[in-house]
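Trainee: Provided herewith is a single structure, encoded as structure tokens, for subsequent inquiry.
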Amino acid sequence: MSSEEFDALVIGGGPAGYWASLIASIRGLKVVLVEEGRVGGTCLNYGCVPLVTSMNYLSTVDLIRKLSSEGSGIFVKDLEVDIGKVFEYVEKNVTTPISEGMRKTLEDLDVRIISGRATLINERTAKVGDKVIGFKRAVIASGLSWKSLEGALPCVEFTRIREKPSKVLVVGGNPFGLSIASLFSMLGCEVLVVEGSTNVLEGFDTEVSEYLLMMLREKNIEVMLNTKVVKVVLSGDGKKVRLSTPEGELHLSVDVVFDAVSYSPRLDSLGGVKVDLEKGYIRVDERLRTSVGNIYAAGDVTGTSQYANVAIVQGIVAGENISGNDLRINLKLLPRYLFTYPEAFSVGLTESEARKAGYVVSVARQSLASNPILRSVGSAGMVKVVVDANYGGILGVQAVGHGITELINEGILMVALESTCGSIINTYLAHPTVGEVLRDSLIQVYRP
Ligand SMILES: Cc1cc2nc3c(=O)[nH]c(=O)nc-3n(C[C@H](O)[C@H](O)[C@H](O)COP(=O)(O)OP(=O)(O)OC[C@H]3O[C@@H](n4cnc5c(N)ncnc54)[C@H](O)[C@@H]3O)c2cc1C
């Protein structure tokens, strides 16, 4: 049995663990990262990246078909999609090179990467196979553990699909479920999303969510609320599903069922060390310390959010704090976004939240079709900017439409940096670009 001492142990090489290792190493710590799968974690290998890049390819196909059918001068005959090959292509050309690049970046910074499963023995030692690792501080960034209903695929396995299914059932109207539903609807599948609760777009502006639900229906996605799966049974090549709905039991046949709700925090790495939990997730304070002084946690395993943007920031903050700095997490400005087709996002306050908070509110709305770049890709939808009518401060930005994810970071910066209509209008945004649509909307409510 070999043993070695490190300043910092990081368990899990997803966004949270990657950034924690990178920062701690830059700050001069001797760091070991243990990852049992691939560097990049769920986000890069099984979640955000394969999902969003495949959707980008499919939306390009949609655009080419549209141009071809509208006499644009661009013609295609027999444009076909083999989804199994698309997933293989994404893995070979996008996820694998990025994962290898992340590994190389860490190795260049002298982070030791060990492949295997880490388990804490106590507050100062862990084991990986027959290796013993001594550490002063640790970051648990082990993410979630995904399971599925019998007969279903967990949503992290969507790239296992090799042939286009005709009918798809998605269990869960959360962001994972709605994204998977959109991906398969883009292929031309009939998709049903079943959601146990009464709402699928909680926290989104009413106009935005009504528009999005209408667009999803147009794209062959039906959403059933208050509905649960009772059983999935294999039947020939497909599945027979029993649903419990407010109107009684419903039976249907589908080709594939994706489960987007059967997940829980991955805690096996804690081994013999008891840290406090909250609703099953590792409880952390704003510095990301657990109840055990030298052990920190970051990312999905903390239950703060199930989004990579939060995992990245938490990884950075944990990395700084194990290196002796003192950073705190600020959860005031958590944006919401959905990689559906079309996409939607909400940053800062919605109109009703701003009114409830006592602001005198002006609302600027702009159709996406007024923007040359968005119009050129056939985007419909809108942006809505919520402004403090007294001082011109930008309180929130909401949007729905194809291509609008390119706007979210601009919206986040406007709200986070407390921009005013005047300060944005008086900048020289490049033209023609997607980002101009926000500035154009502000002109409606700007009072010098
Ligand atoms: C289908 C899908 C689509 C998504 N799309 C988006 C999106 O578009 N945008 C977005 O922001 N978020 C998206 N997410 C969420 C995003 O993937 C997660 O929020 C993010 O990956 C969390 O990062 P993390 O570092 O906390 O955990 P993970 O990325 O899950 O990484 C944890 C890592 O720890 C490793 N590990 C666990 N235990 C051990 C152990 N004991 N020893 C060694 N290694 C261990 C695992 O192998 C894993 O690689 C999506 C998720 C899914 C499932």
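Labeling convention for the structure tokens: chains A, B, ... as they appear, residues from 1 per chain, ligands from 1 in order of appearance.
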Distance limit 6 Å, reference ligand 1, atoms considered: only C-alpha atoms and all ligand atoms. Which residues make the cut? Give them as a PyMOL selection string.
Mentor: chain A and resi 11-17+34-38+41-43+47-48+116-119+141-144+155-156+176+268-269+299-301+306-309+311+339
Trainee: Keeping only N, CA and C atoms, write the selected residues as a compact mmCIF listing (two decimals), in the first residue's frame.
Mentor:
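Writing the result to out11.txt gives the following:
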# COMPACT_ATOMS: atom_id res chain seq x y z
N ILE A 11 -12.29 15.61 -4.53
CA ILE A 11 -12.95 14.39 -5.00
C ILE A 11 -13.99 14.77 -6.04
N GLY A 12 -13.76 14.35 -7.28
CA GLY A 12 -14.68 14.64 -8.38
C GLY A 12 -14.11 15.68 -9.31
N GLY A 13 -14.04 15.34 -10.61
CA GLY A 13 -13.44 16.25 -11.60
C GLY A 13 -14.46 16.87 -12.53
N GLY A 14 -15.70 17.10 -12.03
CA GLY A 14 -16.70 17.85 -12.80
C GLY A 14 -16.36 19.34 -12.71
N PRO A 15 -17.28 20.22 -13.13
CA PRO A 15 -16.98 21.65 -13.09
C PRO A 15 -16.52 22.12 -11.72
N ALA A 16 -17.17 21.67 -10.65
CA ALA A 16 -16.81 22.15 -9.31
C ALA A 16 -15.40 21.69 -8.94
N GLY A 17 -15.13 20.41 -9.11
CA GLY A 17 -13.82 19.86 -8.71
C GLY A 17 -12.70 20.35 -9.60
N VAL A 34 -9.09 13.30 -7.48
CA VAL A 34 -9.46 11.91 -7.76
C VAL A 34 -10.77 11.91 -8.54
N GLU A 35 -10.76 11.27 -9.69
CA GLU A 35 -11.95 11.20 -10.55
C GLU A 35 -12.09 9.75 -11.01
N GLU A 36 -13.29 9.20 -10.81
CA GLU A 36 -13.42 7.79 -11.20
C GLU A 36 -13.87 7.63 -12.65
N GLY A 37 -14.34 8.73 -13.24
CA GLY A 37 -14.78 8.66 -14.64
C GLY A 37 -13.90 9.56 -15.49
N ARG A 38 -14.55 10.50 -16.19
CA ARG A 38 -13.79 11.39 -17.06
C ARG A 38 -13.75 12.79 -16.51
N GLY A 41 -16.67 15.70 -15.79
CA GLY A 41 -17.86 15.27 -15.04
C GLY A 41 -19.11 15.13 -15.88
N THR A 42 -20.24 15.26 -15.21
CA THR A 42 -21.54 15.09 -15.86
C THR A 42 -21.73 16.15 -16.94
N CYS A 43 -21.39 17.38 -16.61
CA CYS A 43 -21.65 18.51 -17.50
C CYS A 43 -21.01 18.27 -18.87
N GLY A 47 -24.02 15.57 -19.91
CA GLY A 47 -25.11 16.52 -19.67
C GLY A 47 -25.08 17.69 -20.62
N CYS A 48 -24.80 18.89 -20.05
CA CYS A 48 -24.89 20.15 -20.78
C CYS A 48 -24.25 20.11 -22.16
N GLY A 116 -9.86 6.73 -10.22
CA GLY A 116 -10.34 5.74 -9.25
C GLY A 116 -11.37 6.37 -8.35
N ARG A 117 -11.88 5.56 -7.42
CA ARG A 117 -12.92 6.04 -6.51
C ARG A 117 -12.30 6.38 -5.16
N ALA A 118 -12.50 7.61 -4.71
CA ALA A 118 -11.92 8.04 -3.43
C ALA A 118 -12.93 7.85 -2.30
N THR A 119 -12.45 7.38 -1.17
CA THR A 119 -13.30 7.29 0.02
C THR A 119 -12.52 7.85 1.20
N ALA A 141 -16.62 17.21 -4.32
CA ALA A 141 -17.33 17.75 -5.50
C ALA A 141 -17.84 16.55 -6.32
N SER A 142 -18.57 15.69 -5.61
CA SER A 142 -18.91 14.38 -6.20
C SER A 142 -20.22 14.38 -6.98
N GLY A 143 -20.92 15.51 -7.04
CA GLY A 143 -22.10 15.61 -7.91
C GLY A 143 -23.28 14.76 -7.46
N LEU A 144 -24.02 14.28 -8.44
CA LEU A 144 -25.24 13.53 -8.16
C LEU A 144 -25.07 12.08 -8.61
N CYS A 155 -31.54 10.28 -17.42
CA CYS A 155 -31.36 11.26 -18.49
C CYS A 155 -29.89 11.51 -18.81
N VAL A 156 -28.96 11.09 -17.93
CA VAL A 156 -27.54 11.23 -18.28
C VAL A 156 -27.10 10.20 -19.33
N PHE A 176 -33.66 19.52 -16.89
CA PHE A 176 -33.08 18.36 -17.59
C PHE A 176 -34.14 17.74 -18.51
N ASP A 268 -21.09 8.63 -1.26
CA ASP A 268 -20.28 7.47 -0.88
C ASP A 268 -18.84 7.84 -0.57
N SER A 269 -18.34 8.96 -1.15
CA SER A 269 -16.94 9.33 -0.91
C SER A 269 -16.70 9.75 0.55
N GLY A 299 -20.61 22.40 -5.71
CA GLY A 299 -21.34 21.83 -6.84
C GLY A 299 -22.64 21.17 -6.45
N ASP A 300 -23.13 20.30 -7.33
CA ASP A 300 -24.45 19.67 -7.15
C ASP A 300 -24.62 18.98 -5.80
N VAL A 301 -23.53 18.46 -5.26
CA VAL A 301 -23.63 17.69 -4.01
C VAL A 301 -24.07 18.56 -2.83
N GLN A 306 -28.81 22.75 -9.39
CA GLN A 306 -28.30 21.64 -10.21
C GLN A 306 -27.86 22.18 -11.56
N TYR A 307 -27.12 23.28 -11.50
CA TYR A 307 -26.64 23.91 -12.72
C TYR A 307 -25.12 24.04 -12.67
N ALA A 308 -24.50 23.90 -13.85
CA ALA A 308 -23.04 23.95 -13.91
C ALA A 308 -22.51 25.34 -13.58
N ASN A 309 -23.29 26.40 -13.89
CA ASN A 309 -22.76 27.74 -13.61
C ASN A 309 -22.52 27.93 -12.12
N ALA A 311 -21.96 25.33 -9.99
CA ALA A 311 -20.85 24.42 -9.65
C ALA A 311 -19.50 25.09 -9.93
N PHE A 339 -32.29 25.19 -21.75
CA PHE A 339 -31.87 24.87 -23.11
C PHE A 339 -32.96 24.04 -23.77
Trainee: Contacts of Ser59 (chain A) at 10 Å or less, counting only C-alpha atoms, minus same-chain residues fewer than 5 places along, as a PyMOL selection string?
Mentor: chain A and resi 53-54+64-65+183+186-187+341-342+377+402-403
Trainee: Store the residues picked out above in a file with C-alpha atoms, as a short mmCIF file (atom, residue, chain, number, x, y, z; two decimals), in the first residue's frame.
Mentor:
data_model
loop_
_atom_site.label_atom_id
_atom_site.label_comp_id
_atom_site.auth_asym_id
_atom_site.auth_seq_id
_atom_site.Cartn_x
_atom_site.Cartn_y
_atom_site.Cartn_z
CA THR A 53 -23.98 20.90 -28.91
CA SER A 54 -26.26 18.20 -30.42
CA ILE A 64 -31.00 24.68 -43.69
CA ARG A 65 -34.38 22.98 -44.27
CA LEU A 183 -33.67 17.49 -28.30
CA MET A 186 -36.03 18.49 -32.91
CA LEU A 187 -35.51 15.04 -34.41
CA TYR A 341 -35.96 24.83 -28.39
CA PRO A 342 -36.56 27.75 -28.28
CA VAL A 377 -32.18 32.37 -38.27
CA HIS A 402 -34.23 30.62 -30.53
CA GLY A 403 -30.68 31.96 -30.17
#
Trainee: Have a look at A:Gly238, A:Gly134, A:Gly101, A:Pro448 and name the one nearest to Ala389 (chain A); count only C-alpha atoms.
Mentor: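 For Ala389 (chain A), the nearest of the given residues is A:Pro448.
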Trainee: Have a look at A:Leu288, A:Ala152, A:Glu210, A:Ala357 and name the one nearest to Asp326 (chain A); count only C-alpha atoms.
Mentor: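 Checking each candidate against Asp326 (chain A), we get A:Leu288 as the closest.
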Trainee: Skip Asn122 (chain A) itself and residues of its chain fewer than 5 positions away, then list as a list in words all residues within 12 Å of it, counting only C-alpha atoms.
Mentor: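 What passes the distance filter is Lys127, Val132, Ile133, Gly134, Phe135, Lys136, Arg137, Ala138, Ser269, Leu270, Gly271, Gly272, Val273, Lys274, Val275, Val292, Asn294 and Ile295 of chain A.
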Trainee: Selected residues, C-alpha atoms, written as a compact mmCIF listing (two decimals), in the first residue's frame, please.
Mentor:
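Saved file result-v6.txt follows:
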# COMPACT_ATOMS: atom_id res chain seq x y z
CA LYS A 127 -8.05 5.84 0.07
CA VAL A 132 -3.58 6.12 0.92
CA ILE A 133 -3.75 9.89 0.53
CA GLY A 134 -3.00 12.22 3.41
CA PHE A 135 -4.46 15.74 3.11
CA LYS A 136 -4.80 18.97 5.08
CA ARG A 137 -8.01 20.14 3.38
CA ALA A 138 -10.50 18.48 1.06
CA SER A 269 -16.94 9.33 -0.91
CA LEU A 270 -17.59 10.52 2.67
CA GLY A 271 -16.83 7.01 3.93
CA GLY A 272 -16.43 7.10 7.68
CA VAL A 273 -16.56 10.90 8.03
CA LYS A 274 -19.84 12.33 9.29
CA VAL A 275 -20.70 15.74 7.83
CA VAL A 292 -16.12 19.29 9.51
CA ASN A 294 -11.09 21.17 7.00
CA ILE A 295 -13.62 19.66 4.58
Trainee: Once DSSP has gone over the backbone, tell me which residues of region 239-374 of chain A are in strand (DSSP E or B), as number ranges by chain.
Mentor: A: 239-245, 248-254, 256-259, 263-265, 277-278, 281-282, 289, 295-297, 336-338, 343-348, 361-367
Trainee: Can those selected residues be exported to a file as a tab-separated table (two decimals), in the first residue's frame so that it contains N, CA and C atoms?
Mentor:
chain	number	residue	atom	x	y	z
A	239	LYS	N	-42.15	0.16	-25.08
A	239	LYS	CA	-42.53	0.12	-23.66
A	239	LYS	C	-44.01	0.43	-23.54
A	240	LYS	N	-44.65	-0.25	-22.62
A	240	LYS	CA	-46.03	0.12	-22.27
A	240	LYS	C	-45.94	0.85	-20.93
A	241	VAL	N	-46.62	2.00	-20.87
A	241	VAL	CA	-46.49	2.83	-19.67
A	241	VAL	C	-47.87	3.05	-19.05
A	242	ARG	N	-47.92	2.94	-17.72
A	242	ARG	CA	-49.17	3.29	-17.01
A	242	ARG	C	-48.94	4.59	-16.28
A	243	LEU	N	-49.82	5.57	-16.57
A	243	LEU	CA	-49.68	6.89	-15.93
A	243	LEU	C	-50.85	7.12	-15.00
A	244	SER	N	-50.56	7.79	-13.88
A	244	SER	CA	-51.66	8.20	-13.01
A	244	SER	C	-51.87	9.70	-13.23
A	245	THR	N	-53.05	10.08	-13.75
A	245	THR	CA	-53.34	11.48	-14.07
A	245	THR	C	-54.53	11.93	-13.20
A	248	GLY	N	-57.56	10.04	-13.97
A	248	GLY	CA	-57.55	8.58	-13.83
A	248	GLY	C	-56.34	7.99	-14.52
A	249	GLU	N	-56.32	6.64	-14.61
A	249	GLU	CA	-55.12	5.99	-15.16
A	249	GLU	C	-55.13	6.04	-16.69
A	250	LEU	N	-53.94	6.23	-17.25
A	250	LEU	CA	-53.81	6.32	-18.71
A	250	LEU	C	-52.74	5.32	-19.14
A	251	HIS	N	-53.02	4.58	-20.23
A	251	HIS	CA	-52.04	3.60	-20.72
A	251	HIS	C	-51.55	4.05	-22.08
A	252	LEU	N	-50.25	4.01	-22.29
A	252	LEU	CA	-49.77	4.35	-23.63
A	252	LEU	C	-48.52	3.56	-24.00
A	253	SER	N	-48.21	3.57	-25.29
A	253	SER	CA	-47.00	2.87	-25.77
A	253	SER	C	-46.01	3.89	-26.26
A	254	VAL	N	-44.76	3.73	-25.89
A	254	VAL	CA	-43.70	4.63	-26.36
A	254	VAL	C	-42.48	3.79	-26.71
A	256	VAL	N	-39.20	4.95	-25.97
A	256	VAL	CA	-38.15	5.12	-24.96
A	256	VAL	C	-38.68	6.03	-23.84
A	257	VAL	N	-38.23	5.73	-22.62
A	257	VAL	CA	-38.61	6.56	-21.46
A	257	VAL	C	-37.33	7.11	-20.85
A	258	PHE	N	-37.25	8.43	-20.68
A	258	PHE	CA	-36.11	9.03	-19.99
A	258	PHE	C	-36.58	9.47	-18.61
A	259	ASP	N	-35.76	9.18	-17.62
A	259	ASP	CA	-36.09	9.56	-16.25
A	259	ASP	C	-35.20	10.74	-15.85
A	263	TYR	N	-32.67	11.22	-9.06
A	263	TYR	CA	-31.28	11.52	-8.71
A	263	TYR	C	-31.18	11.90	-7.24
A	264	SER	N	-29.97	11.73	-6.71
A	264	SER	CA	-29.72	12.11	-5.31
A	264	SER	C	-28.25	12.50	-5.19
A	265	PRO	N	-27.89	13.23	-4.13
A	265	PRO	CA	-26.47	13.60	-4.01
A	265	PRO	C	-25.59	12.36	-3.83
A	277	LEU	N	-25.89	16.99	6.96
A	277	LEU	CA	-26.62	17.04	5.69
A	277	LEU	C	-27.84	17.94	5.85
A	278	GLU	N	-28.33	18.45	4.75
A	278	GLU	CA	-29.59	19.20	4.75
A	278	GLU	C	-30.41	18.70	3.56
A	281	TYR	N	-28.49	16.60	1.12
A	281	TYR	CA	-27.30	17.15	0.47
A	281	TYR	C	-26.30	17.58	1.54
A	282	ILE	N	-25.02	17.77	1.14
A	282	ILE	CA	-24.02	18.20	2.12
A	282	ILE	C	-24.28	19.67	2.48
A	289	ARG	N	-17.80	25.71	3.64
A	289	ARG	CA	-17.28	24.79	4.65
A	289	ARG	C	-18.40	23.84	5.05
A	295	ILE	N	-13.00	20.27	5.78
A	295	ILE	CA	-13.62	19.66	4.58
A	295	ILE	C	-14.67	20.61	4.01
A	296	TYR	N	-14.52	20.91	2.72
A	296	TYR	CA	-15.41	21.81	1.99
A	296	TYR	C	-16.21	20.99	0.98
A	297	ALA	N	-17.29	21.57	0.47
A	297	ALA	CA	-18.03	20.87	-0.59
A	297	ALA	C	-18.46	21.91	-1.62
A	336	ARG	N	-31.94	31.90	-14.14
A	336	ARG	CA	-32.58	30.64	-14.52
A	336	ARG	C	-32.51	30.56	-16.03
A	337	TYR	N	-32.14	29.39	-16.55
A	337	TYR	CA	-32.13	29.25	-18.01
A	337	TYR	C	-32.51	27.86	-18.41
A	338	LEU	N	-33.06	27.78	-19.62
A	338	LEU	CA	-33.52	26.49	-20.12
A	338	LEU	C	-33.00	26.30	-21.53
A	343	GLU	N	-35.06	28.56	-26.58
A	343	GLU	CA	-34.54	28.68	-25.21
A	343	GLU	C	-35.27	29.77	-24.43
A	344	ALA	N	-35.08	29.76	-23.12
A	344	ALA	CA	-35.67	30.82	-22.29
A	344	ALA	C	-34.72	31.11	-21.13
A	345	PHE	N	-34.75	32.36	-20.66
A	345	PHE	CA	-33.98	32.65	-19.44
A	345	PHE	C	-34.62	33.76	-18.65
A	346	SER	N	-34.22	33.83	-17.39
A	346	SER	CA	-34.72	34.87	-16.50
A	346	SER	C	-33.58	35.29	-15.58
A	347	VAL	N	-33.27	36.57	-15.61
A	347	VAL	CA	-32.16	37.11	-14.82
A	347	VAL	C	-32.71	38.22	-13.93
A	348	GLY	N	-32.32	38.24	-12.67
A	348	GLY	CA	-32.77	39.33	-11.78
A	348	GLY	C	-34.26	39.21	-11.50
A	361	VAL	N	-42.23	50.41	-11.76
A	361	VAL	CA	-41.58	49.61	-12.81
A	361	VAL	C	-41.94	50.10	-14.21
A	362	SER	N	-40.94	50.15	-15.08
A	362	SER	CA	-41.20	50.30	-16.53
A	362	SER	C	-40.77	49.00	-17.18
A	363	VAL	N	-41.54	48.58	-18.17
A	363	VAL	CA	-41.16	47.33	-18.85
A	363	VAL	C	-40.92	47.61	-20.33
A	364	ALA	N	-39.77	47.17	-20.81
A	364	ALA	CA	-39.47	47.31	-22.23
A	364	ALA	C	-39.58	45.93	-22.87
A	365	ARG	N	-40.33	45.85	-23.95
A	365	ARG	CA	-40.46	44.57	-24.67
A	365	ARG	C	-39.93	44.77	-26.09
A	366	GLN	N	-39.24	43.80	-26.61
A	366	GLN	CA	-38.75	43.90	-27.98
A	366	GLN	C	-38.90	42.54	-28.65
A	367	SER	N	-39.45	42.59	-29.85
A	367	SER	CA	-39.60	41.33	-30.59
A	367	SER	C	-38.22	40.92	-31.12
Trainee: Pick out the residues sitting within 7 Å of Val223 (chain A), and hand them over as a PDB file with C-alpha atoms, in the first residue's frame; count only C-alpha atoms, and ignore anything fewer than 4 positions along from it in its own chain.
Mentor:
ATOM      1  CA  LEU A 192     -44.745  13.607 -23.801  1.00  0.00           C
ATOM      2  CA  VAL A 193     -43.356  15.148 -20.599  1.00  0.00           C
ATOM      3  CA  VAL A 194     -45.043  14.083 -17.367  1.00  0.00           C
TER       4      VAL A 194
END
Trainee: Applying 10 Å and only C-alpha atoms, which residues near Asp62 (chain A) remain after dropping the ones on its own chain fewer than 4 positions away? List them as a VMD selection string.
Mentor: chain A and resid 56 to 58 66 to 68 79 186 to 187 377 to 378
Trainee: With C-alpha atoms kept, could you save the residues just selected as an mmCIF file, in the first residue's frame?
Mentor:
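Result saved to result_29.cif:
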data_model
loop_
_atom_site.group_PDB
_atom_site.id
_atom_site.type_symbol
_atom_site.label_atom_id
_atom_site.label_comp_id
_atom_site.auth_asym_id
_atom_site.auth_seq_id
_atom_site.Cartn_x
_atom_site.Cartn_y
_atom_site.Cartn_z
ATOM 1 C CA ASN A 56 -26.983 23.257 -32.026
ATOM 2 C CA TYR A 57 -26.343 20.794 -34.867
ATOM 3 C CA LEU A 58 -30.042 19.960 -35.097
ATOM 4 C CA LYS A 66 -36.166 26.301 -43.759
ATOM 5 C CA LEU A 67 -33.856 28.142 -46.177
ATOM 6 C CA SER A 68 -34.224 25.359 -48.706
ATOM 7 C CA LEU A 79 -30.885 16.102 -45.709
ATOM 8 C CA MET A 186 -36.031 18.487 -32.907
ATOM 9 C CA LEU A 187 -35.506 15.039 -34.409
ATOM 10 C CA VAL A 377 -32.183 32.371 -38.269
ATOM 11 C CA GLY A 378 -35.974 32.597 -38.081
#
Trainee: Taking the backbone alone, and naming residues the way the document does, which bits of region 113-183 of chain A are helix (DSSP H, G or I) by DSSP, as number ranges by chain?
Mentor: A: 155-160, 175-183
Trainee: Restrict the selected residues to C-alpha atoms and save them as a CSV table (one decimal), in the first residue's frame.
Mentor:
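What follows is the written file part_19.csv:
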chain,number,residue,atom,x,y,z
A,155,CYS,CA,-31.4,11.3,-18.5
A,156,VAL,CA,-27.5,11.2,-18.3
A,157,GLU,CA,-27.7,8.3,-20.7
A,158,PHE,CA,-29.5,10.0,-23.6
A,159,THR,CA,-26.5,9.7,-25.9
A,160,ARG,CA,-26.9,5.9,-25.8
A,175,PRO,CA,-34.7,21.8,-16.9
A,176,PHE,CA,-33.1,18.4,-17.6
A,177,GLY,CA,-36.4,16.8,-18.7
A,178,LEU,CA,-37.5,19.8,-20.8
A,179,SER,CA,-34.1,19.9,-22.6
A,180,ILE,CA,-34.1,16.2,-23.4
A,181,ALA,CA,-37.7,16.6,-24.6
A,182,SER,CA,-36.6,19.4,-26.9
A,183,LEU,CA,-33.7,17.5,-28.3
Trainee: Tell me, in Å to one decimal, how far CA of Met102 (chain A) is from CA of Val39 (chain A).
Mentor: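 Interatomic distance, CA of Met102 (chain A) to CA of Val39 (chain A): 6.9 Å.
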Trainee: With a distance cut-off of 12 Å and only C-alpha atoms, select the neighbouring residues of Leu368 (chain A), excluding the residue or stretch itself and same-chain residues fewer than 6 positions from it, and output the selection as a ChimeraX atom specification.
Mentor: /A:342,374-384,399-404,407,433-438,440-441
Trainee: Would you output that residue set with C-alpha atoms, as a compact mmCIF listing (two decimals), in the first residue's frame?
Mentor:
# COMPACT_ATOMS: atom_id res chain seq x y z
CA PRO A 342 -36.56 27.75 -28.28
CA LEU A 374 -32.08 36.66 -34.93
CA ARG A 375 -34.45 37.25 -37.86
CA SER A 376 -31.96 35.63 -40.24
CA VAL A 377 -32.18 32.37 -38.27
CA GLY A 378 -35.97 32.60 -38.08
CA SER A 379 -36.09 33.37 -34.38
CA ALA A 380 -39.45 34.44 -32.96
CA GLY A 381 -40.04 35.42 -29.34
CA MET A 382 -39.19 38.41 -27.22
CA VAL A 383 -36.99 40.01 -24.63
CA LYS A 384 -38.48 41.82 -21.71
CA ALA A 399 -36.28 36.30 -22.82
CA VAL A 400 -37.65 33.46 -24.89
CA GLY A 401 -36.72 32.53 -28.45
CA HIS A 402 -34.23 30.62 -30.53
CA GLY A 403 -30.68 31.96 -30.17
CA ILE A 404 -31.32 34.06 -27.07
CA LEU A 407 -27.95 37.25 -24.53
CA THR A 433 -25.22 41.42 -33.37
CA VAL A 434 -27.72 39.52 -31.22
CA GLY A 435 -26.73 41.56 -28.17
CA GLU A 436 -28.17 44.77 -29.61
CA VAL A 437 -31.72 43.61 -29.03
CA LEU A 438 -31.43 44.43 -25.32
CA ASP A 440 -32.92 48.46 -28.59
CA SER A 441 -35.57 47.51 -26.04
Trainee: For Ile113 (chain A), which of A:Leu22, A:Val313, A:Val232, A:Val386 is the closest residue, counting only C-alpha atoms?
Mentor: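 Ranking A:Leu22, A:Val313, A:Val232, A:Val386 by distance to Ile113 (chain A), first place goes to A:Leu22.
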Trainee: Within 10 Å of Ile329 (chain A), counting only C-alpha atoms, which residues show up once you throw out same-chain ones fewer than 6 positions away? Write them as JSON, numbers by chain, please.
Mentor: {"A": [285, 286, 287, 288, 310, 313, 314, 316, 317, 318]}
Trainee: Keeping N, CA and C atoms, export the residues of the selection given above as a compact mmCIF listing (two decimals), in the first residue's frame.
Mentor:
# COMPACT_ATOMS: atom_id res chain seq x y z
N ASP A 285 -21.70 26.28 4.50
CA ASP A 285 -21.99 27.68 4.80
C ASP A 285 -21.61 28.52 3.57
N GLU A 286 -21.67 29.84 3.71
CA GLU A 286 -21.42 30.66 2.51
C GLU A 286 -19.96 30.60 2.04
N ARG A 287 -19.08 30.07 2.92
CA ARG A 287 -17.68 29.88 2.49
C ARG A 287 -17.46 28.47 1.94
N LEU A 288 -18.53 27.70 1.90
CA LEU A 288 -18.55 26.31 1.40
C LEU A 288 -17.87 25.33 2.35
N VAL A 310 -23.40 27.32 -11.30
CA VAL A 310 -23.21 27.42 -9.84
C VAL A 310 -22.05 26.52 -9.40
N VAL A 313 -18.77 28.39 -10.01
CA VAL A 313 -18.46 29.46 -9.03
C VAL A 313 -18.13 28.83 -7.67
N GLN A 314 -18.90 27.82 -7.29
CA GLN A 314 -18.60 27.18 -6.00
C GLN A 314 -17.21 26.54 -6.02
N ILE A 316 -14.63 27.58 -7.69
CA ILE A 316 -13.64 28.66 -7.57
C ILE A 316 -13.56 29.13 -6.11
N VAL A 317 -14.73 29.33 -5.50
CA VAL A 317 -14.75 29.83 -4.11
C VAL A 317 -14.11 28.80 -3.16
N ALA A 318 -14.45 27.51 -3.35
CA ALA A 318 -13.86 26.48 -2.48
C ALA A 318 -12.35 26.43 -2.69
Trainee: To one decimal in Å, tell me the separation between CA of Lys104 (chain A) and CA of Val49 (chain A).
Mentor: 19.0 Å
Trainee: Which of these residues is nearest to Ile408 (chain A), using only C-alpha atoms: A:Leu334, A:Ser25, A:Leu44, A:Val387?
Mentor: A:Leu334
Trainee: So, with only C-alpha atoms as the atoms that count, which of A:Val208, A:Thr340, A:Gly280, A:Arg439 lies closest to Thr405 (chain A)?
Mentor: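 For Thr405 (chain A), the nearest of the candidates is A:Thr340.
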Trainee: Ranking A:Tyr446, A:Lys356, A:Ser166, A:Gly396 by minimum distance to Ser423 (chain A) and counting only C-alpha atoms, which one comes first?
Mentor: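 Selected residue with least distance to Ser423 (chain A): A:Tyr446.
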